[in-house]
Amino acid sequence: MRYSLRQDIAVEPAIAGWYAWSYLLPPQTLARFVHNRFTRIVESYLDDPQVHAAAVRQRRMHGGPWIHAHEHRDAIEAWYRGTAPRRALLNELFEAMRRLETDLLPRYRGECLDSVYQDLPQALAGRVEVFYGRDNRTADYRFIEPLMYASEYYDPSWQQVRFRPVTEDAREFALTTPMLEYGPDDLLVDVPLDSPLLDTVFRGGLTESELHGLARELGLAGERLVRFVSYFEPFPPPAPEPAASPDEDVLEYVGHACVFARYRGTTFLVDPVLSYGGYPGGAQNRFTFADLPERIDHLLITHNHQDHMLFETLLRIRHRVGRVLVPRSTNASLVDPGLGGILRRLGFTDVVEVDDLETLTCGSAEVVALPFLGEHGDLRIRSKTGWLIRFGERSVLFAADSTNISPTMYAKVAEVIGSVDTVFIGMESIGAAASWIYGPLYGEPLDRRSDQSRRLNGSNFAQAREIVDALAPDEVYVYAMGLEPWMGIVMAIDYDESHPAIVDSDLLVRHVQDKGGTAERLHIRRTLRL
C-alpha cells in the first residue's frame, strides 16, 4: 500500500507568519510589508477585534486590511508578542532603507555620490548601488539582490506551510490574516519553501514507513504526526504508460489566467493557479491538480502578481516542472524585485529570463515574449510580459492583464510577429488602487486622488478591441477576471451583470462575433482546439 496527499488538502505557504507571495520572499520587500502593513493590521485588530469582525462581513470591505480570524484574538496576540524579537531584524532593515531614502539621498542634487557609500547604514552597506536618474538631480538606489539573500535578513527559518482541508470552492481572502493553526484540522509546519521534503509530500506514492519517516523529518511527533498522516490516503502506484504515440494535442483553460497546453508531446502551463478536488459540492468539470500530467516541460509566468504567480500552486507542482520562463527583470528595486531570483529561492533550478520580442525554442513549439504595458500603477516595473506560443502554424497569445494604453504598440508588434490566431486577454477593467499591492513599498503614501487614478486595471472594451483589431485573431477568449470562487484567497472582486468588467467583456465578445470570429468569456474550465 502506498499513500499520497489527499486531493482536498491545501498546503498554504507562509513567510513571517503571513500567507506567502512573491513580495514577501526578498528580505527588503518583506521588511516593508511587515512594518508598513502587517504590523498596523495586527495592532488595529488587537485594539478592537470587533471592527475587523464587522468589516469582513461587508462585501464592499473585501480585500481590505482586516483580520478574518477575528474570534482568535488570544492566539493572534500570543503569536504577535512572541515573534517580536524576530521582527526586530526586519525593523532594522526597514530603518536602514528609511534613512537612505529620507536622510542620505535627498542631500545630493547632482554632485558626486561616492560619499554616500561611506554613510550607508550597516544593513545596506555593500548591498546597494546608488545613482542618479536622467535628470541628474534625483538620487535613487537598487539592491544587489544576491547579497541581500545572502545576508542575515533573509531567514528561511521564517518559512512554513499550513496543511488544512478544503471543503468548498470559495476560499477566504488570506493576505491580511496571520497564518496560524485556527482549527483542529490545521497543521503548521516549519520548513523552508525550497525544501526537497515538500517535493516528497506532493509527489506521493509513499509506503507507510516512508510516510512516517517524512513526518519525522518535518519535525512532527505524537498527535501532530498522526494529524499529518491523516492528510494522506492509499493510492495505488500508477500503471505503466503504454508504449504508444504521445497524447493528442490540447489547449485547456484551467481557470483564471491558467492555461495548459500539450503540443506534439511537449507540455506548457501558463500562470499556474489550480483548484482542489476530492470534496463534495464543488463546481463540475474543474481542472484540478489531479488532471496535470506527470511532467510540465515549460512553465510560463506573465507577471509578478499573486493571481498569476501563486506560491501555493507553484510549490505543489515544482517536482513536475522542467524549465520556467519569466520576463527579464533588471530594476532590482523595491517595487520590482528580480522574478528569477525569487523562483530560484523557491526551489526552481532551471529559470530563464526572457526579454521583449526574444524567441525561444521550447520542444516542439516557439515562445516569444511580447511587451506588456499597464496594470502596474505607473511604476517602473519591468518583470511583465505577454507570451506568444507558436504551435506549428497556429499561434496563441496569453496577454494576461496587458492593456493598450499606448494605442499603436500592438499594431507595431503585429508588424514584427504577424497576425495571431488565438488571443487570451484579461479584462478586469476596474482594478484595485495601486497602493493595494505596492503601498508598503512607497517612500511616502500617495494622496487618495493619485492612488485612485493609478489603478491596476486590465483592458477595457476600447483597449481590448484595438488589441484584437491589430492582431486579427479568429478566436478571442476573455480570462483572468477572478471569476472562479477559489481565487478569493488572493483576490477580492464581487461581480454582477452591471460591473464594468462584465459589461466591457460582453462588448468585446460581441465585437469579435460580429466580425465572424469565435469569442467567449471563460469560466471554470474549457477545452479548446489547438
# chains A, B, ... in the order shown; residues from 1 in each chain; ligands from 1
>>> residues_around(residues="Thr167 of chain A", least_positions_apart="2", cutoff="8 Å", atoms="only C-alpha atoms", output="NGL selection string")
:A and (8 or 165 or 169 or 279-280)
>>> residues_around(residues="Met148 of chain A", least_positions_apart="6", cutoff="8 Å", atoms="only C-alpha atoms", output="list of chain:residue names")
A:Pro26, A:Pro27, A:Gln28, A:Arg127, A:Tyr154
>>> residues_around(residues="Ala55 of chain A", least_positions_apart="3", cutoff="12 Å", atoms="only C-alpha atoms", output="NGL selection string")
:A and (45 or 48-52 or 58-70)
>>> closest_residue(among="A:Gly363, A:Gly516, A:Gly338, A:Gly377", to="Thr29 of chain A", atoms="only C-alpha atoms")
A:Gly338
>>> residues_around(residues="Ala261 of chain A", least_positions_apart="5", cutoff="7 Å", atoms="only C-alpha atoms", output="mmCIF file with C-alpha atoms, in the first residue's frame")
data_model
loop_
_atom_site.group_PDB
_atom_site.id
_atom_site.type_symbol
_atom_site.label_atom_id
_atom_site.label_comp_id
_atom_site.auth_asym_id
_atom_site.auth_seq_id
_atom_site.Cartn_x
_atom_site.Cartn_y
_atom_site.Cartn_z
ATOM 1 C CA VAL A 250 -4.816 20.050 -26.455
ATOM 2 C CA LEU A 251 -5.352 23.608 -25.230
ATOM 3 C CA GLU A 252 -7.124 23.579 -21.882
ATOM 4 C CA THR A 267 3.654 20.402 -22.257
ATOM 5 C CA PHE A 268 3.139 24.019 -21.207
ATOM 6 C CA LEU A 269 1.440 25.650 -18.233
#
>>> select_by_dssp(residues="segment 115-165 of chain A", states="strand (DSSP E)", output="list in words")
Val128, Glu129, Val130, Phe131, Tyr132, Ala139, Asp140, Tyr141, Arg142, Phe143, Gln159, Gln160, Val161, Arg162, Phe163, Arg164 and Pro165 of chain A
>>> select_by_dssp(residues="segment 340-472 of chain A", states="alpha helix (DSSP H)", output="PyMOL selection string")
chain A and resi 340-344+409-417+435-438+448-453+461-471
>>> closest_residue(among="A:Tyr276, A:Arg394, A:Val503, A:Arg382", to="Ile430 of chain A", atoms="only C-alpha atoms")
A:Val503
>>> closest_residue(among="A:Ala464, A:Ala20, A:Leu5, A:Ala257", to="Val201 of chain A", atoms="only C-alpha atoms")
A:Leu5
>>> atom_distance(atom1="atom CA of Val34 of chain A", atom2="atom CA of Arg87 of chain A")
8.1 Å
>>> closest_residue(among="A:Phe398, A:Tyr108, A:Tyr438, A:Trp18", to="Arg454 of chain A", atoms="only C-alpha atoms")
A:Tyr438
>>> residues_around(residues="Gly110 of chain A", least_positions_apart="2", cutoff="8 Å", atoms="only C-alpha atoms", output="compact mmCIF listing (two decimals) with C-alpha atoms, in the first residue's frame")
# COMPACT_ATOMS: atom_id res chain seq x y z
CA TYR A 108 22.54 65.19 -3.09
CA CYS A 112 29.19 63.03 -6.89
CA TYR A 132 21.02 59.48 -10.43
CA ASN A 136 20.92 64.25 -12.82
CA ARG A 137 19.28 65.69 -9.74
CA THR A 138 17.24 62.91 -8.13
>>> closest_residue(among="A:Gly426, A:Pro327, A:Pro184, A:Gly418", to="Ser383 of chain A", atoms="only C-alpha atoms")
A:Pro327
>>> closest_residue(among="A:Leu46, A:Glu217, A:Leu334, A:Thr207", to="Pro440 of chain A", atoms="only C-alpha atoms")
A:Leu334
>>> residues_around(residues="Arg227 of chain A", least_positions_apart="3", cutoff="8 Å", atoms="only C-alpha atoms", output="VMD selection string")
chain A and resid 185 187 223 to 224 230 to 231
